[in-house]
>>> print(open('run_37.pdb').read())   # PDB, C-alpha atoms, pLDDT in the B column
MODEL        1
ATOM      1  CA  MET P  60     -44.996 -66.233-121.607  1.00 87.00           C
ATOM      2  CA  ASP P  61     -41.938 -64.118-120.744  1.00 89.00           C
ATOM      3  CA  GLU P  62     -43.427 -61.190-122.634  1.00 91.00           C
ATOM      4  CA  PHE P  63     -46.758 -61.600-120.839  1.00 83.00           C
ATOM      5  CA  LEU P  64     -45.141 -61.797-117.401  1.00 89.00           C
ATOM      6  CA  SER P  65     -42.863 -58.866-118.211  1.00 91.00           C
ATOM      7  CA  GLY P  66     -40.496 -59.681-115.353  1.00 93.00           C
ATOM      8  CA  GLY P  67     -43.243 -60.739-112.936  1.00 92.00           C
ATOM      9  CA  LYS P  68     -43.769 -64.169-111.410  1.00 91.00           C
ATOM     10  CA  LEU P  69     -46.213 -66.758-112.664  1.00 89.00           C
ATOM     11  CA  LYS P  70     -48.736 -67.807-110.021  1.00 84.00           C
ATOM     12  CA  ARG P  71     -50.684 -70.996-110.502  1.00 84.00           C
ATOM     13  CA  ARG P  72     -53.944 -71.605-108.702  1.00 84.00           C
ATOM     14  CA  ASP P  73     -55.443 -75.051-108.371  1.00 87.00           C
ATOM     15  CA  TYR P  74     -59.230 -75.133-108.179  1.00 87.00           C
ATOM     16  CA  LYS P  75     -61.053 -77.995-106.451  1.00 88.00           C
ATOM     17  CA  ASN P  76     -63.940 -77.883-108.899  1.00 90.00           C
ATOM     18  CA  ARG P  77     -62.798 -76.605-112.240  1.00 93.00           C
ATOM     19  CA  LEU P  78     -64.311 -76.768-115.678  1.00 95.00           C
ATOM     20  CA  THR P  79     -62.714 -78.730-118.479  1.00 95.00           C
ATOM     21  CA  HIS P  80     -59.933 -76.999-120.379  1.00 93.00           C
ATOM     22  CA  SER P  81     -62.093 -76.712-123.499  1.00 96.00           C
ATOM     23  CA  GLU P  82     -64.930 -75.115-121.481  1.00 95.00           C
ATOM     24  CA  THR P  83     -62.443 -72.723-119.837  1.00 94.00           C
ATOM     25  CA  LEU P  84     -61.121 -71.644-123.239  1.00 94.00           C
ATOM     26  CA  ARG P  85     -64.652 -71.256-124.627  1.00 94.00           C
ATOM     27  CA  ILE P  86     -65.712 -68.990-121.755  1.00 93.00           C
ATOM     28  CA  ALA P  87     -62.513 -66.942-122.001  1.00 92.00           C
ATOM     29  CA  GLY P  88     -62.965 -66.474-125.754  1.00 92.00           C
ATOM     30  CA  GLU P  89     -66.569 -65.344-125.311  1.00 90.00           C
ATOM     31  CA  HIS P  90     -65.681 -62.764-122.662  1.00 87.00           C
ATOM     32  CA  LEU P  91     -62.310 -61.391-123.774  1.00 83.00           C
ATOM     33  CA  SER P  92     -63.847 -58.335-125.414  1.00 81.00           C
ATOM     34  CA  ASP P  93     -66.194 -57.558-122.492  1.00 78.00           C
ATOM     35  CA  ASN P  94     -65.957 -54.048-121.112  1.00 78.00           C
ATOM     36  CA  GLY P  95     -66.763 -52.952-117.611  1.00 79.00           C
ATOM     37  CA  TYR P  96     -63.539 -53.593-115.722  1.00 80.00           C
ATOM     38  CA  SER P  97     -63.956 -52.940-112.024  1.00 79.00           C
ATOM     39  CA  LEU P  98     -61.271 -53.469-109.400  1.00 77.00           C
ATOM     40  CA  ALA P  99     -63.874 -54.572-106.848  1.00 78.00           C
ATOM     41  CA  PHE P 100     -66.415 -56.443-108.988  1.00 79.00           C
ATOM     42  CA  ASN P 101     -64.849 -57.453-112.315  1.00 84.00           C
ATOM     43  CA  ASN P 102     -61.051 -57.592-112.173  1.00 85.00           C
ATOM     44  CA  CYS P 103     -58.563 -60.001-113.769  1.00 83.00           C
ATOM     45  CA  GLU P 104     -58.866 -62.480-110.882  1.00 87.00           C
ATOM     46  CA  HIS P 105     -62.654 -62.502-111.277  1.00 87.00           C
ATOM     47  CA  PHE P 106     -62.168 -63.205-114.992  1.00 88.00           C
ATOM     48  CA  ALA P 107     -59.642 -66.019-114.490  1.00 88.00           C
ATOM     49  CA  THR P 108     -61.724 -67.667-111.769  1.00 90.00           C
ATOM     50  CA  TYR P 109     -64.869 -67.376-113.868  1.00 90.00           C
ATOM     51  CA  CYS P 110     -63.165 -68.979-116.861  1.00 91.00           C
ATOM     52  CA  ALA P 111     -61.861 -71.850-114.738  1.00 93.00           C
ATOM     53  CA  THR P 112     -64.865 -72.472-112.489  1.00 93.00           C
ATOM     54  CA  GLY P 113     -67.894 -70.638-113.874  1.00 91.00           C
ATOM     55  CA  ARG P 114     -68.019 -68.443-110.742  1.00 89.00           C
ATOM     56  CA  LYS P 115     -66.691 -64.894-110.379  1.00 85.00           C
ATOM     57  CA  LYS P 116     -64.644 -64.661-107.187  1.00 80.00           C
ATOM     58  CA  SER P 117     -61.628 -62.683-106.067  1.00 86.00           C
ATOM     59  CA  THR P 118     -59.748 -63.643-102.918  1.00 79.00           C
ATOM     60  CA  GLN P 119     -57.773 -60.407-103.241  1.00 77.00           C
ATOM     61  CA  VAL P 120     -60.942 -58.329-102.985  1.00 72.00           C
ATOM     62  CA  ARG P 121     -62.247 -60.517-100.151  1.00 75.00           C
ATOM     63  CA  LYS P 122     -59.072 -59.965 -98.137  1.00 76.00           C
ATOM     64  CA  VAL P 123     -59.201 -56.195 -98.633  1.00 72.00           C
ATOM     65  CA  VAL P 124     -62.878 -56.002 -97.681  1.00 71.00           C
ATOM     66  CA  GLY P 125     -62.235 -58.210 -94.638  1.00 75.00           C
ATOM     67  CA  GLY P 126     -59.415 -55.902 -93.577  1.00 79.00           C
ATOM     68  CA  ILE P 127     -61.567 -52.813 -93.971  1.00 82.00           C
ATOM     69  CA  VAL P 128     -64.371 -54.386 -91.934  1.00 79.00           C
ATOM     70  CA  GLY P 129     -61.874 -55.355 -89.221  1.00 81.00           C
ATOM     71  CA  VAL P 130     -60.531 -51.811 -89.020  1.00 83.00           C
ATOM     72  CA  ALA P 131     -64.066 -50.396 -88.918  1.00 85.00           C
ATOM     73  CA  PHE P 132     -64.969 -52.658 -85.979  1.00 84.00           C
ATOM     74  CA  ALA P 133     -61.776 -51.687 -84.150  1.00 87.00           C
ATOM     75  CA  VAL P 134     -62.467 -47.968 -84.627  1.00 87.00           C
ATOM     76  CA  ALA P 135     -66.090 -48.410 -83.511  1.00 88.00           C
ATOM     77  CA  ALA P 136     -64.935 -50.265 -80.392  1.00 88.00           C
ATOM     78  CA  ILE P 137     -62.482 -47.466 -79.521  1.00 87.00           C
ATOM     79  CA  VAL P 138     -65.140 -44.765 -79.982  1.00 87.00           C
ATOM     80  CA  ILE P 139     -67.676 -46.669 -77.872  1.00 87.00           C
ATOM     81  CA  ARG P 140     -65.111 -47.288 -75.152  1.00 83.00           C
ATOM     82  CA  LYS P 141     -64.139 -43.598 -75.023  1.00 82.00           C
ATOM     83  CA  LYS P 142     -67.777 -42.520 -74.794  1.00 80.00           C
ATOM     84  CA  THR P 143     -68.468 -45.080 -72.054  1.00 81.00           C
ATOM     85  CA  THR P 144     -65.380 -43.954 -70.101  1.00 79.00           C
ATOM     86  CA  ARG P 145     -66.376 -40.266 -70.389  1.00 75.00           C
ATOM     87  CA  LYS P 146     -69.887 -41.008 -69.074  1.00 75.00           C
ATOM     88  CA  GLN P 147     -68.486 -42.907 -66.107  1.00 76.00           C
ATOM     89  CA  GLU P 148     -66.026 -40.090 -65.298  1.00 74.00           C
ATOM     90  CA  GLY P 149     -68.473 -37.278 -65.755  1.00 63.00           C
TER
ENDMDL
END
>>> encode(input="run_37.pdb", output="C-alpha coordinates")
Amino acid sequence: MDEFLSGGKLKRRDYKNRLTHSETLRIAGEHLSDNGYSLAFNNCEHFATYCATGRKKSTQVRKVVGGIVGVAFAVAAIVIRKKTTRKQEG
(Lines of atoms letter the chains of each structure in order from A and count residues from 1; the text may use other names and numbers.)
(Lines give C-alpha, C1' and ligand atoms only; values in the text may rest on other atoms or scores of the structure.)
Protein backbone atom coordinates (compact mmCIF):
# COMPACT_ATOMS: atom_id res chain seq x y z
CA MET A 1 0.00 0.00 0.00
CA ASP A 2 2.85 2.41 0.79
CA GLU A 3 4.30 1.84 -2.67
CA PHE A 4 0.91 2.44 -4.29
CA LEU A 5 0.28 5.64 -2.34
CA SER A 6 3.83 6.83 -3.00
CA GLY A 7 3.67 9.42 -0.22
CA GLY A 8 0.04 10.38 -0.86
CA LYS A 9 -2.90 9.95 1.49
CA LEU A 10 -5.40 7.12 1.37
CA LYS A 11 -8.97 8.33 0.92
CA ARG A 12 -11.81 5.98 1.72
CA ARG A 13 -15.27 6.51 0.29
CA ASP A 14 -18.32 4.84 1.75
CA TYR A 15 -21.09 4.12 -0.75
CA LYS A 16 -24.72 3.85 0.36
CA ASN A 17 -25.49 1.16 -2.19
CA ARG A 18 -22.42 -0.84 -2.99
CA LEU A 19 -21.92 -4.19 -4.62
CA THR A 20 -20.53 -7.15 -2.73
CA HIS A 21 -16.76 -7.34 -2.43
CA SER A 22 -16.61 -10.35 -4.75
CA GLU A 23 -18.69 -8.51 -7.39
CA THR A 24 -16.46 -5.43 -7.03
CA LEU A 25 -13.33 -7.53 -7.58
CA ARG A 26 -14.91 -9.33 -10.55
CA ILE A 27 -15.80 -6.05 -12.27
CA ALA A 28 -12.36 -4.58 -11.57
CA GLY A 29 -10.63 -7.67 -12.97
CA GLU A 30 -12.73 -7.57 -16.14
CA HIS A 31 -11.99 -3.89 -16.79
CA LEU A 32 -8.38 -3.45 -15.68
CA SER A 33 -7.02 -3.76 -19.20
CA ASP A 34 -9.63 -1.42 -20.75
CA ASN A 35 -8.23 1.46 -22.76
CA GLY A 36 -9.87 4.78 -23.36
CA TYR A 37 -8.88 6.82 -20.32
CA SER A 38 -10.58 10.19 -20.30
CA LEU A 39 -10.25 12.78 -17.56
CA ALA A 40 -13.87 13.86 -18.04
CA PHE A 41 -15.62 10.59 -18.91
CA ASN A 42 -13.49 7.62 -17.82
CA ASN A 43 -11.00 8.53 -15.09
CA CYS A 44 -9.81 6.59 -12.03
CA GLU A 45 -12.73 7.83 -9.91
CA HIS A 46 -15.18 6.63 -12.57
CA PHE A 47 -13.45 3.24 -12.51
CA ALA A 48 -13.45 2.91 -8.71
CA THR A 49 -17.08 4.00 -8.42
CA TYR A 50 -18.11 1.64 -11.20
CA CYS A 51 -16.36 -1.29 -9.53
CA ALA A 52 -18.01 -0.53 -6.19
CA THR A 53 -21.51 0.43 -7.35
CA GLY A 54 -21.96 -0.57 -10.99
CA ARG A 55 -22.36 3.10 -11.97
CA LYS A 56 -19.70 5.38 -13.47
CA LYS A 57 -19.68 8.67 -11.58
CA SER A 58 -17.05 11.23 -10.67
CA THR A 59 -17.77 13.89 -8.06
CA GLN A 60 -14.50 15.57 -9.04
CA VAL A 61 -15.70 16.06 -12.61
CA ARG A 62 -19.14 17.16 -11.39
CA LYS A 63 -17.60 19.85 -9.19
CA VAL A 64 -15.42 21.17 -12.02
CA VAL A 65 -18.33 21.25 -14.48
CA GLY A 66 -20.52 22.96 -11.87
CA GLY A 67 -17.83 25.58 -11.33
CA ILE A 68 -17.47 26.21 -15.05
CA VAL A 69 -21.23 26.58 -15.45
CA GLY A 70 -21.32 29.01 -12.50
CA VAL A 71 -18.57 31.14 -14.02
CA ALA A 72 -20.31 31.10 -17.41
CA PHE A 73 -23.56 32.35 -15.84
CA ALA A 74 -21.69 35.08 -13.96
CA VAL A 75 -19.94 36.26 -17.14
CA ALA A 76 -23.23 36.20 -19.08
CA ALA A 77 -24.91 38.25 -16.35
CA ILE A 78 -22.12 40.86 -16.45
CA VAL A 79 -22.29 41.14 -20.25
CA ILE A 80 -26.08 41.48 -20.22
CA ARG A 81 -25.93 44.09 -17.47
CA LYS A 82 -23.33 46.15 -19.37
CA LYS A 83 -25.39 46.03 -22.56
CA THR A 84 -28.55 47.02 -20.68
CA THR A 85 -26.74 49.91 -18.95
CA ARG A 86 -25.30 51.17 -22.28
CA LYS A 87 -28.77 51.16 -23.89
CA GLN A 88 -30.23 53.12 -20.99
CA GLU A 89 -27.40 55.68 -21.11
CA GLY A 90 -27.36 56.06 -24.85
>>> closest_residue(input="run_37.pdb", among="P:Thr108, P:Leu98, P:Asp93, P:Glu62", to="Lys75 (chain P)", atoms="all atoms listed in the file")
P:Thr108
>>> closest_residue(input="run_37.pdb", among="P:Val128, P:Gly88, P:Glu104, P:Ser97", to="Lys70 (chain P)", atoms="all atoms listed in the file")
P:Glu104
>>> closest_residue(input="run_37.pdb", among="P:Thr112, P:Thr144, P:Asn102, P:Ser92", to="Thr79 (chain P)", atoms="only C-alpha atoms")
P:Thr112
>>> atom_distance(input="run_37.pdb", atom1="CA of Gly113 (chain P)", atom2="CA of Gly67 (chain P)")
26.6 Å
>>> atom_distance(input="run_37.pdb", atom1="CA of Gly125 (chain P)", atom2="CA of Ile137 (chain P)")
18.5 Å
>>> atom_distance(input="run_37.pdb", atom1="CA of Ala99 (chain P)", atom2="CA of Thr118 (chain P)")
10.7 Å
>>> resolve_selection(input="run_37.pdb", expression="the PyMOL selection byres ((chain P and resi 109) around 12)", output="ChimeraX atom specification")
/P:74,76-78,82-87,89-91,101-108,110-117
>>> build_atoms(input="run_37.pdb", residues="region 123-141 of chain P", atoms="N, CA and C atoms", output="PDB file, keeping the file's coordinate frame")
ATOM      1  N   VAL P 123     -59.170 -57.645 -98.846  1.00 72.00           N
ATOM      2  CA  VAL P 123     -59.201 -56.195 -98.633  1.00 72.00           C
ATOM      3  C   VAL P 123     -60.476 -55.801 -97.890  1.00 72.00           C
ATOM      4  N   VAL P 124     -61.608 -56.327 -98.329  1.00 71.00           N
ATOM      5  CA  VAL P 124     -62.878 -56.002 -97.681  1.00 71.00           C
ATOM      6  C   VAL P 124     -62.863 -56.487 -96.235  1.00 71.00           C
ATOM      7  N   GLY P 125     -62.336 -57.695 -96.000  1.00 75.00           N
ATOM      8  CA  GLY P 125     -62.235 -58.210 -94.638  1.00 75.00           C
ATOM      9  C   GLY P 125     -61.375 -57.321 -93.762  1.00 75.00           C
ATOM     10  N   GLY P 126     -60.285 -56.808 -94.317  1.00 79.00           N
ATOM     11  CA  GLY P 126     -59.415 -55.902 -93.577  1.00 79.00           C
ATOM     12  C   GLY P 126     -60.104 -54.597 -93.232  1.00 79.00           C
ATOM     13  N   ILE P 127     -60.841 -54.066 -94.194  1.00 82.00           N
ATOM     14  CA  ILE P 127     -61.567 -52.813 -93.971  1.00 82.00           C
ATOM     15  C   ILE P 127     -62.628 -53.006 -92.888  1.00 82.00           C
ATOM     16  N   VAL P 128     -63.347 -54.104 -92.942  1.00 79.00           N
ATOM     17  CA  VAL P 128     -64.371 -54.386 -91.934  1.00 79.00           C
ATOM     18  C   VAL P 128     -63.725 -54.522 -90.556  1.00 79.00           C
ATOM     19  N   GLY P 129     -62.582 -55.204 -90.492  1.00 81.00           N
ATOM     20  CA  GLY P 129     -61.874 -55.355 -89.221  1.00 81.00           C
ATOM     21  C   GLY P 129     -61.460 -54.020 -88.643  1.00 81.00           C
ATOM     22  N   VAL P 130     -60.939 -53.149 -89.472  1.00 83.00           N
ATOM     23  CA  VAL P 130     -60.531 -51.811 -89.020  1.00 83.00           C
ATOM     24  C   VAL P 130     -61.757 -51.018 -88.560  1.00 83.00           C
ATOM     25  N   ALA P 131     -62.848 -51.120 -89.296  1.00 85.00           N
ATOM     26  CA  ALA P 131     -64.066 -50.396 -88.918  1.00 85.00           C
ATOM     27  C   ALA P 131     -64.568 -50.846 -87.545  1.00 85.00           C
ATOM     28  N   PHE P 132     -64.546 -52.161 -87.294  1.00 84.00           N
ATOM     29  CA  PHE P 132     -64.969 -52.658 -85.979  1.00 84.00           C
ATOM     30  C   PHE P 132     -64.032 -52.165 -84.882  1.00 84.00           C
ATOM     31  N   ALA P 133     -62.742 -52.153 -85.148  1.00 87.00           N
ATOM     32  CA  ALA P 133     -61.776 -51.687 -84.150  1.00 87.00           C
ATOM     33  C   ALA P 133     -62.007 -50.216 -83.819  1.00 87.00           C
ATOM     34  N   VAL P 134     -62.214 -49.397 -84.835  1.00 87.00           N
ATOM     35  CA  VAL P 134     -62.467 -47.968 -84.627  1.00 87.00           C
ATOM     36  C   VAL P 134     -63.769 -47.777 -83.847  1.00 87.00           C
ATOM     37  N   ALA P 135     -64.803 -48.519 -84.213  1.00 88.00           N
ATOM     38  CA  ALA P 135     -66.090 -48.410 -83.511  1.00 88.00           C
ATOM     39  C   ALA P 135     -65.923 -48.791 -82.039  1.00 88.00           C
ATOM     40  N   ALA P 136     -65.154 -49.836 -81.776  1.00 88.00           N
ATOM     41  CA  ALA P 136     -64.935 -50.265 -80.392  1.00 88.00           C
ATOM     42  C   ALA P 136     -64.203 -49.185 -79.592  1.00 88.00           C
ATOM     43  N   ILE P 137     -63.232 -48.536 -80.195  1.00 87.00           N
ATOM     44  CA  ILE P 137     -62.482 -47.466 -79.521  1.00 87.00           C
ATOM     45  C   ILE P 137     -63.404 -46.287 -79.205  1.00 87.00           C
ATOM     46  N   VAL P 138     -64.219 -45.894 -80.175  1.00 87.00           N
ATOM     47  CA  VAL P 138     -65.140 -44.765 -79.982  1.00 87.00           C
ATOM     48  C   VAL P 138     -66.144 -45.075 -78.871  1.00 87.00           C
ATOM     49  N   ILE P 139     -66.698 -46.279 -78.901  1.00 87.00           N
ATOM     50  CA  ILE P 139     -67.676 -46.669 -77.872  1.00 87.00           C
ATOM     51  C   ILE P 139     -67.019 -46.692 -76.495  1.00 87.00           C
ATOM     52  N   ARG P 140     -65.818 -47.222 -76.442  1.00 83.00           N
ATOM     53  CA  ARG P 140     -65.111 -47.288 -75.152  1.00 83.00           C
ATOM     54  C   ARG P 140     -64.831 -45.892 -74.607  1.00 83.00           C
ATOM     55  N   LYS P 141     -64.413 -44.978 -75.478  1.00 82.00           N
ATOM     56  CA  LYS P 141     -64.139 -43.598 -75.023  1.00 82.00           C
ATOM     57  C   LYS P 141     -65.409 -42.940 -74.513  1.00 82.00           C
TER      58      LYS P 141
END
